[in-house]
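Asker: Handing you a structure now.
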Amino acid sequence: MSTELPTTIVITPEGDEISSLSVQEGLHHVLRAECDTRNRDIYLSFSTRRAMYDFALSLLHESVHGTGGLQEFYPLVDNGTALVVNGVRMSGDSSRLFVFYENESANGNVT
C-alpha cells in the first residue's frame, strides 16, 4: 500500500485542506456516481485513491463544520473539461450525488 496520502487529518473551518492541488490540476482524478435502478445499488467509482481521499475530506469537513443539512456533488463541465465542485471532480456522465444529514442547529441538538 502506498503511504503518499496523509494519515493525520486536520479539518479547518475554512476548508483549505479540501481539494488538493493534485486533484485540482490532475484531470485524471475523477469520481463517477451511478445508480442501478434495477437493484437500487449505488456505485461510487473513483479513478484514483487521491480522488476518494479528497471526497472523504469534503464529507468530513461537512460533518465537522457544516450547518446546512445537505452536501451536493455534481458534474460540472466547461469547454469539455470536468471541473472540481466541493472538492471533487465528477465525470460528465456521472449522476448527481446528494448527502443529507439532520440539521442539528435547527433543533439545538449537536451529537
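Lettering and numbering for the C-alpha cells are positional, with chains as A, B, ... in the shown order, residues counted from 1 in each chain, and ligands counted from 1 in the shown order.
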For Asp54 (chain A), work out the shell of residues within 10 Å, counting only C-alpha atoms and skipping chain neighbours fewer than 2 positions away, then give it as a VMD selection string.
Answerer: chain A and resid 17 to 20 22 to 23 29 49 to 52 56 to 60 86 to 89
Asker: Using DSSP on the backbone, list every residue of region 43-86 of chain A that comes out as strand (DSSP E or B), and give them as a PyMOL selection string.
Answerer: chain A and resi 43-46+70-73+77-78+81-82+84-85
Asker: Between CA of Gln24 (chain A) and CA of Pro6 (chain A), what is the spacing in Å?
Answerer: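 About the pair CA of Pro6 (chain A) and CA of Gln24 (chain A): they are 17.1 Å apart.
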Asker: Just the helix (DSSP H, G or I) stuff from chain A, please, per backbone DSSP, written as a VMD selection string.
Answerer: chain A and resid 21 to 25 49 to 65 104 to 107
Asker: With only C-alpha atoms as the basis for distance, which of A:Phe55, A:Gly68, A:Asp16, A:Thr37 is at the shortest distance from Val85 (chain A)?
Answerer: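 Looking only at the distances to Val85 (chain A), the closest residue turns out to be A:Phe55.
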Asker: Restricting the calculation to only C-alpha atoms: of A:Val10, A:Met90, A:Gly80, A:Gly15, which residue gets closest to Leu44 (chain A)?
Answerer: A:Met90
Asker: Between CA of Arg32 (chain A) and CA of Thr12 (chain A), what is the distance in Å, rounded to a tenth?
Answerer: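 Computed distance, CA of Arg32 (chain A) to CA of Thr12 (chain A), equals 26.8 Å.
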Asker: One decimal, in Å: what's the spacing between CA of Asn39 (chain A) and CA of Ser63 (chain A)?
Answerer: 28.8 Å
Asker: Which is closer to Leu97 (chain A) than all the others in A:Ile9, A:Arg40, A:Asn79, A:Glu34, using only C-alpha atoms?
Answerer: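 Once distances to Leu97 (chain A) are computed over only C-alpha atoms, the minimum belongs to A:Glu34.
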Asker: Write out as a list in words which residues come within 12 Å of Thr81 (chain A) when counting only C-alpha atoms, dropping same-chain ones fewer than 6 positions away.
Answerer: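 The residues satisfying every condition are Gln24, Glu25, Gly26, Leu27, His28, Val30, Pro75, Arg89, Met90, Ser91 and Gly92 of chain A.
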Asker: Can you pull out the residues contacting Gln71 (chain A)? Cut-off 7 Å, using only C-alpha atoms, and skip same-chain residues under 6 positions away; I want them as a PyMOL selection string.
Answerer: chain A and resi 98-100
Asker: Tell me which of A:Val84, A:Cys35, A:Leu70, A:Ile42 sits closest to Asn103 (chain A), counting only C-alpha atoms.
Answerer: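 Checking each candidate against Asn103 (chain A), we get A:Leu70 as the closest.
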